[in-house]
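Pasting structure_1.txt here (compact mmCIF, C-alpha atoms):
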```txt
# COMPACT_ATOMS: atom_id res chain seq x y z
CA MET A 1120 -3.11 15.10 -17.12
CA ASP A 1121 -4.49 11.92 -18.57
CA PRO A 1122 -6.40 9.99 -15.86
CA LYS A 1123 -5.17 6.73 -17.40
CA GLN A 1124 -1.60 7.74 -16.57
CA LEU A 1125 -2.61 8.56 -12.99
CA ILE A 1126 -4.32 5.17 -12.63
CA GLU A 1127 -1.22 3.50 -14.05
CA THR A 1128 0.86 5.39 -11.47
CA TRP A 1129 -1.30 3.90 -8.70
CA GLU A 1130 -0.93 0.41 -10.16
CA ILE A 1131 2.86 0.74 -10.40
CA HIS A 1132 2.96 1.96 -6.82
CA ASN A 1133 1.01 -1.08 -5.64
CA ARG A 1134 3.36 -3.40 -7.55
CA ILE A 1135 6.30 -1.72 -5.77
CA ASN A 1136 4.66 -2.51 -2.42
CA LEU A 1137 4.20 -6.13 -3.48
CA TYR A 1138 7.77 -6.29 -4.82
CA LEU A 1139 9.03 -5.35 -1.35
CA LEU A 1140 6.67 -7.78 0.39
CA ASN A 1141 7.81 -10.58 -1.91
CA ALA A 1142 11.47 -9.87 -1.06
CA ILE A 1143 10.91 -10.33 2.69
CA LYS A 1144 11.22 -13.72 4.34
CA GLU A 1145 8.01 -14.88 5.99
CA GLU A 1146 9.60 -14.95 9.44
CA HIS A 1147 10.76 -11.34 9.07
CA LEU A 1148 7.17 -10.07 9.00
CA ALA A 1149 7.49 -10.05 12.80
CA ASP A 1150 10.54 -7.73 12.78
CA LEU A 1151 10.21 -4.56 14.88
CA SER A 1152 12.12 -1.31 14.75
CA ALA A 1153 14.17 -0.13 17.71
CA SER A 1154 11.36 2.29 18.58
CA LYS A 1155 8.77 -0.53 18.66
CA GLY A 1156 5.37 0.27 17.09
CA ARG A 1157 4.03 -1.89 14.28
CA ASN A 1158 6.06 -4.84 13.06
CA VAL A 1159 6.73 -5.34 9.33
CA GLY A 1160 3.58 -7.39 8.69
CA GLU A 1161 1.45 -4.95 10.65
CA GLN A 1162 2.81 -2.08 8.53
CA PHE A 1163 1.59 -3.82 5.37
CA ALA A 1164 -1.75 -4.58 7.08
CA HIS A 1165 -2.05 -0.90 8.07
CA ILE A 1166 -1.55 0.17 4.45
CA HIS A 1167 -4.39 -2.13 3.40
CA ASN A 1168 -6.67 -1.11 6.27
CA VAL A 1169 -6.25 2.61 5.55
CA ARG A 1170 -7.31 1.92 1.97
CA LEU A 1171 -10.45 0.30 3.39
CA MET A 1172 -11.06 3.34 5.61
CA TRP A 1173 -11.07 5.55 2.51
CA LEU A 1174 -13.31 3.17 0.59
CA LYS A 1175 -15.79 3.21 3.46
CA ALA A 1176 -15.82 7.01 3.53
CA ALA A 1177 -15.76 7.69 -0.21
CA ASP A 1178 -17.63 4.79 -1.85
CA PRO A 1179 -18.93 2.08 0.51
CA ASP A 1180 -20.03 -0.11 -2.41
CA LEU A 1181 -16.35 -0.65 -3.21
CA LEU A 1182 -15.81 -1.89 0.34
CA LYS A 1183 -17.79 -5.02 -0.45
CA ARG A 1184 -15.55 -8.08 -0.95
CA GLN A 1185 -12.83 -6.39 1.12
CA ASN A 1186 -11.50 -7.86 4.35
CA LYS A 1187 -9.91 -5.88 7.12
CA ILE A 1188 -6.66 -7.45 8.25
CA GLU A 1189 -6.71 -8.02 11.99
CA LYS A 1190 -3.64 -8.28 14.20
CA GLY A 1191 -2.42 -11.78 14.71
CA THR A 1192 -0.75 -14.25 12.46
CA LEU A 1193 0.04 -12.50 9.21
CA SER A 1194 1.33 -14.26 6.15
CA LYS A 1195 2.82 -12.98 2.93
CA LYS A 1196 0.01 -14.66 0.99
CA LEU A 1197 -2.72 -12.99 3.08
CA LEU A 1198 -1.04 -9.59 2.83
CA SER A 1199 -0.41 -9.93 -0.90
CA ASP A 1200 -3.95 -11.09 -1.65
CA GLU A 1201 -5.58 -8.35 0.40
CA LEU A 1202 -3.27 -5.61 -0.91
CA ASN A 1203 -4.16 -6.69 -4.46
CA ASN A 1204 -7.87 -6.66 -3.62
CA SER A 1205 -7.80 -3.23 -2.01
CA SER A 1206 -5.64 -1.84 -4.80
CA THR A 1207 -8.24 -2.91 -7.36
CA ALA A 1208 -10.97 -1.19 -5.33
CA ILE A 1209 -8.86 1.98 -5.01
CA THR A 1210 -8.34 1.88 -8.79
CA SER A 1211 -12.14 1.94 -9.20
CA LEU A 1212 -12.44 4.76 -6.66
CA LEU A 1213 -9.83 6.78 -8.56
CA GLN A 1214 -11.46 6.10 -11.94
CA ASN A 1215 -14.83 7.24 -10.60
CA GLY A 1216 -13.19 10.22 -8.91
CA PHE A 1217 -11.47 11.37 -12.08
CA GLU A 1218 -14.77 11.08 -13.98
CA GLN A 1219 -16.68 13.03 -11.32
CA GLY A 1220 -13.86 15.45 -10.49
CA LYS A 1221 -13.91 14.60 -6.78
CA ILE A 1222 -13.36 11.95 -4.13
CA LYS A 1223 -16.06 12.12 -1.46
CA GLY A 1224 -14.56 13.27 1.84
CA PHE A 1225 -11.24 14.42 0.35
CA LYS A 1226 -10.16 17.84 -0.84
CA PRO A 1227 -8.96 19.30 -3.12
CA HIS A 1228 -9.25 16.81 -6.01
CA PRO A 1229 -8.65 13.18 -7.11
CA ALA A 1230 -5.03 13.76 -8.22
CA ALA A 1231 -4.22 15.06 -4.74
CA PHE A 1232 -5.92 12.00 -3.26
CA LEU A 1233 -3.65 9.80 -5.34
CA GLY A 1234 -0.65 11.78 -4.05
CA TYR A 1235 -1.91 11.40 -0.49
CA LEU A 1236 -2.25 7.62 -0.82
CA ILE A 1237 1.17 7.17 -2.40
CA SER A 1238 2.80 9.44 0.21
CA HIS A 1239 1.17 7.58 3.09
CA GLU A 1240 2.10 4.15 1.80
CA SER A 1241 5.64 5.18 0.86
CA HIS A 1242 6.14 6.47 4.41
CA HIS A 1243 5.23 3.03 5.72
CA ARG A 1244 7.43 1.35 3.11
CA GLY A 1245 10.31 3.36 4.56
CA GLN A 1246 9.35 2.25 8.06
CA ILE A 1247 9.30 -1.36 6.86
CA MET A 1248 12.81 -0.95 5.45
CA LEU A 1249 13.97 0.57 8.76
CA CYS A 1250 12.38 -2.25 10.80
CA LEU A 1251 14.14 -4.84 8.68
CA LYS A 1252 17.49 -3.05 8.85
CA GLN A 1253 17.34 -2.52 12.61
CA SER A 1254 16.37 -6.17 13.09
CA GLY A 1255 19.42 -7.32 11.14
CA HIS A 1256 17.44 -8.38 8.07
CA PRO A 1257 17.85 -5.59 5.51
CA VAL A 1258 16.55 -6.29 2.04
CA ASP A 1259 19.35 -6.86 -0.41
CA GLN A 1260 20.71 -4.01 -2.49
CA LYS A 1261 19.04 -5.26 -5.68
CA VAL A 1262 15.64 -4.88 -4.02
CA GLN A 1263 16.58 -1.53 -2.50
CA TYR A 1264 17.33 -0.18 -5.99
CA GLY A 1265 14.40 -2.10 -7.48
CA LEU A 1266 11.96 -0.08 -5.40
CA TRP A 1267 12.87 2.89 -7.59
CA GLU A 1268 12.57 1.13 -10.95
CA TRP A 1269 9.07 2.34 -11.73
CA GLY A 1270 9.66 1.96 -15.45
CA SER A 1271 10.00 -1.81 -15.13
CA ARG A 1272 7.56 -2.62 -12.31
```

Would you write the structure of this file as structure tokens?
Amino acid sequence: MDPKQLIETWEIHNRINLYLLNAIKEEHLADLSASKGRNVGEQFAHIHNVRLMWLKAADPDLLKRQNKIEKGTLSKKLLSDELNNSSTAITSLLQNGFEQGKIKGFKPHPAAFLGYLISHESHHRGQIMLCLKQSGHPVDQKVQYGLWEWGSR
């Protein structure tokens, strides 16, 4: 598989996350699911912070210029900016990993690491959708379908 296609897959995935974030009203970042846990904004922050955890473990130089998102007042701008920043750093980690054939601290190989990241973040995207729905603020159907339009994102 061409590493450029795998990197592009990561970049599309990040744009899908940002597409969902953009579709949410600022005040709905505080929405919680019926089972409590993280609110919508905290889910996005968690996605970003897990990226930072991997950067710290696999290539600490890429952690520079990254900011952990702390609990508290979260805004769409903060989340969007930080998700973009961490996505760029993960892109570099993946590029280096494909060149070297490994991601430090992760087995079996860089393509599996990409799959792991996308699976983890997609799980939280589903939780975000559930939080919004259970709070009475589901994203509109256009956005729901748009999450699957990888060819145009």

Once you count all atoms listed in the file, what closest atom pair and distance in Å to one decimal does each residue of region 1171-1251 of chain A within 7 Å of region 1146-1157 of chain A have, with rows by chain and rising residue number, as JSON lines?
```
{"residue": "A:Leu1249", "atom": "CA", "partner": "A:Ser1152", "partner_atom": "CA", "distance": 6.5}
{"residue": "A:Cys1250", "atom": "CA", "partner": "A:Ser1152", "partner_atom": "CA", "distance": 4.1}
{"residue": "A:Leu1251", "atom": "CA", "partner": "A:Asp1150", "partner_atom": "CA", "distance": 6.2}
```

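Shell of His1132 (chain A) at 12 Å, with all atoms listed in the file counted and residues fewer than 6 places along the chain excluded, is Leu1125, Ile1126, Tyr1138, Leu1139, Leu1202, Asn1203, Ser1206, Ile1209, Thr1210, Leu1233, Gly1234, Leu1236, Ile1237, Ser1238, His1239, Glu1240, Ser1241, Arg1244, Leu1266, Trp1267, Glu1268, Trp1269, Gly1270, Ser1271 and Arg1272 of chain A.
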
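Across A:Leu1212, A:Leu1193, A:Val1262, A:Met1248, the tightest approach to Gly1160 (chain A) is made by A:Leu1193 when counting only C-alpha atoms.
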
Judged by only C-alpha atoms, the minimum distance to Trp1173 (chain A) among A:Leu1140, A:Ile1188, A:Ala1208, A:Val1159 is found for A:Ala1208

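Proximity to Leu1182 (chain A) was assessed for A:Thr1207, A:Ala1164, A:Asp1200, A:Phe1217 counting all atoms listed in the file; the smallest distance is recorded for A:Thr1207.
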
What is the CA of Ala1230 (chain A) to CA of Leu1213 (chain A) distance in Å?
-> 8.5 Å

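Taking only C-alpha atoms into account, Pro1179 (chain A) lies nearest to A:Lys1223 out of the set A:Lys1261, A:His1243, A:Lys1223, A:His1165.
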
Identify the residues around (3.0, -12.7, -1.7) within a radius of 7 Å, measuring from all atoms listed in the file in the coordinates stated by the file, and give them as a ChimeraX atom specification.
-> /A:1137,1140-1141,1195-1196,1198-1199

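Proximity to Asn1136 (chain A) was assessed for A:His1167, A:Gln1185, A:Gln1253, A:Phe1232 counting all atoms listed in the file; the smallest distance is recorded for A:His1167.
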
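Interatomic distance, CA of Thr1192 (chain A) against CA of Glu1161 (chain A): 9.7 Å.
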
When distances are computed from only C-alpha atoms, which of A:Lys1252, A:Lys1221, A:Lys1226, A:Lys1190 shows the smallest separation from Phe1163 (chain A)?
-> A:Lys1190

Neighbours of point (-10.0, -2.3, 4.6) within 6 Å, using only C-alpha atoms, written as an NGL selection string = :A and (1167-1168 or 1170-1172 or 1186-1187)
